[in-house]
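Step one of this worksheet: look at the structure below.
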Amino acid sequence: MLNKRREVHASVKDEKLVEKRRDEMIRGAVSLFKQKGYHRTTTREIARAAGFSIGTLYEYIRTKEDVLYLVCDSIYDQVKNQLQRMDLEKGTLESLRLGIAHYFRVVNEMQDEVLVMYQEAKSLSKDALPYVIRKELEMVGMFETLIQRCVENEELLLNESQVHMLAHNIFVQGQMWGFRRWALQKRFSIEDYIEMQTDLLFSGIKGYETNERKGGE
């Protein structure tokens, strides 16, 4: 199955030690991939950044591509765990606004990781990439749920395709803070960015508010 999680081989049997060493490896790799890119980074450099020898590194992975896979998998897990704190069921425009702000702040906290993910995920093998893509779509699906609850609660009047498109717009605009920060941070703080992007998003869906909601304002 193409989108099944890939098993990364480790010769060490202590699962807690494997997790600890791989976390150290991931942190070192993120810094190196950001500076040099995946292809120009060597496994020896990853080992040095992680604080152990090249021999130790190969006790926890087999190839450099294993490291990239672990990096992408870890980043998506961290973002998804943070997004699960959103209130997906309330079904109000305020809960949608709060969900957007929460997601954008998560991206701000993980700027380096988001940048590496977008730059380097394309280098994953054909068996690993579909799994990583599915994890991203699961996160987009959280926003679809959030928006759909607004539709069901008669706060918005959107069809299925519009809900899907809006969810992707929110997801990409959050990540834009990570990969366009070199330009954006010269003019905006993260709070400025959240306010402006949310206002722009909401102005785009203004015409889709239900008559009942418009009449109540």
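Naming scheme: A, B, ... for chains in displayed order of the structure tokens; residues 1 onward per chain; ligands 1 onward as shown.
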
Check which residues of region 73-141 of chain A sit at most 7 Å from region 174-190 of chain A using only C-alpha atoms, and return one row each with the closest pair of atoms and their distance in Å to one decimal, ordered by chain and rising number, as a Markdown table.
| residue | atom | partner | partner_atom | distance |
| --- | --- | --- | --- | --- |
| A:Tyr103 | CA | A:Gly174 | CA | 6.8 |
| A:Phe104 | CA | A:Gly174 | CA | 4.9 |
| A:Val107 | CA | A:Gln175 | CA | 6.3 |
| A:Asn108 | CA | A:Gly178 | CA | 6.7 |
| A:Gln111 | CA | A:Gly178 | CA | 4.8 |
| A:Val114 | CA | A:Gly178 | CA | 6.0 |
| A:Leu115 | CA | A:Phe179 | CA | 5.4 |

Identify, with DSSP run on backbone atoms, the residues in chain A assigned to alpha helix (DSSP H), and express the list as number ranges by chain. A: 15-36, 43-50, 54-57, 64-83, 93-109, 111-120, 129-152, 160-179, 181-184, 190-204, 211-216

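By chain and then residue number, the residues within 10 Å of Leu32 (chain A) are A:Ile26, A:Arg27, A:Gly28, A:Ala29, A:Val30, A:Lys34, A:Gln35, A:Lys36, A:Gly37, A:Tyr38, A:Arg40, A:Thr41, A:Thr42, A:Glu45, A:Ile46, A:Ala49, A:Val116, counting only C-alpha atoms and disregarding those fewer than 2 positions away in sequence.
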
Glu152 (chain A) proximity check over A:Val18, A:Val140, A:Leu93, A:Leu83, using only C-alpha atoms: winner is A:Leu93

With distances taken over only C-alpha atoms, which residue among A:Ala10, A:Leu57, A:Leu88, A:Val172 lies nearest Gln197 (chain A)? A:Val172

Could you pull the residues within 12 Å of Ser95 (chain A), counting only C-alpha atoms, minus those fewer than 6 positions along the same chain, as a PyMOL selection string? chain A and resi 85-89+101-102+143+145-150+153+155

With C-alpha atoms retained, write the just-selected residues as an mmCIF file, in the first residue's frame.
data_model
loop_
_atom_site.group_PDB
_atom_site.id
_atom_site.type_symbol
_atom_site.label_atom_id
_atom_site.label_comp_id
_atom_site.auth_asym_id
_atom_site.auth_seq_id
_atom_site.Cartn_x
_atom_site.Cartn_y
_atom_site.Cartn_z
ATOM 1 C CA ARG A 85 -6.258 21.522 19.869
ATOM 2 C CA MET A 86 -8.622 23.445 17.580
ATOM 3 C CA ASP A 87 -12.340 23.291 18.303
ATOM 4 C CA LEU A 88 -13.503 21.532 15.133
ATOM 5 C CA GLU A 89 -17.095 21.048 16.223
ATOM 6 C CA ALA A 101 -4.937 32.018 14.175
ATOM 7 C CA HIS A 102 -3.890 28.879 16.052
ATOM 8 C CA PHE A 143 -10.018 22.732 8.216
ATOM 9 C CA THR A 145 -14.331 19.844 9.073
ATOM 10 C CA LEU A 146 -14.113 23.244 10.761
ATOM 11 C CA ILE A 147 -15.630 24.986 7.735
ATOM 12 C CA GLN A 148 -18.253 22.277 7.167
ATOM 13 C CA ARG A 149 -19.470 22.705 10.743
ATOM 14 C CA CYS A 150 -20.029 26.398 9.956
ATOM 15 C CA ASN A 153 -24.627 25.545 11.658
ATOM 16 C CA GLU A 155 -23.119 30.368 9.392
#

Residue contacts of Lys80 (chain A) (10 Å, only C-alpha atoms) excluding same-chain residues fewer than 5 positions away, as a ChimeraX atom specification: /A:74-75,85,103,106,135-136,138-140,142

Using C-alpha atoms, can you write the selected residues to a file as a PDB file, in the first residue's frame?
ATOM      1  CA  SER A  74       8.071  14.225  12.475  1.00  0.00           C
ATOM      2  CA  ILE A  75       7.176  17.699  11.218  1.00  0.00           C
ATOM      3  CA  ARG A  85      -6.258  21.522  19.869  1.00  0.00           C
ATOM      4  CA  TYR A 103      -2.594  27.218  12.875  1.00  0.00           C
ATOM      5  CA  VAL A 106       1.992  26.839  14.940  1.00  0.00           C
ATOM      6  CA  LYS A 135      -0.561  13.305   6.156  1.00  0.00           C
ATOM      7  CA  GLU A 136      -0.789  16.838   4.779  1.00  0.00           C
ATOM      8  CA  GLU A 138      -5.379  14.888   6.711  1.00  0.00           C
ATOM      9  CA  MET A 139      -4.485  18.286   8.162  1.00  0.00           C
ATOM     10  CA  VAL A 140      -6.303  20.086   5.354  1.00  0.00           C
ATOM     11  CA  MET A 142      -9.282  19.344   9.750  1.00  0.00           C
TER      12      MET A 142
END

For a test of reading the model, state the distance in Å between CA of Ser125 (chain A) and CA of Leu68 (chain A), rounded to one decimal. 10.0 Å

Mind checking which residues fall within 12 Å of region 199-205 of chain A, counting only C-alpha atoms, ignoring those fewer than 5 positions away in the same chain, and posting them as a VMD selection string? chain A and resid 93 to 94 96 to 97 100 to 101 147 150 to 151 155 to 158 162 to 163 165 to 174 192 to 194 210

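Counting only C-alpha atoms, the residue from A:Arg22, A:Tyr60, A:Glu144, A:Glu120 that sits nearest to Asn159 (chain A) is A:Glu144.
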
With distances taken over only C-alpha atoms, which of A:Lys206, A:Arg62, A:Arg134, A:Lys13 is nearest to Thr43 (chain A)? A:Arg62

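For the pair CA of Cys72 (chain A) and CA of Arg6 (chain A), the separation is 12.1 Å.
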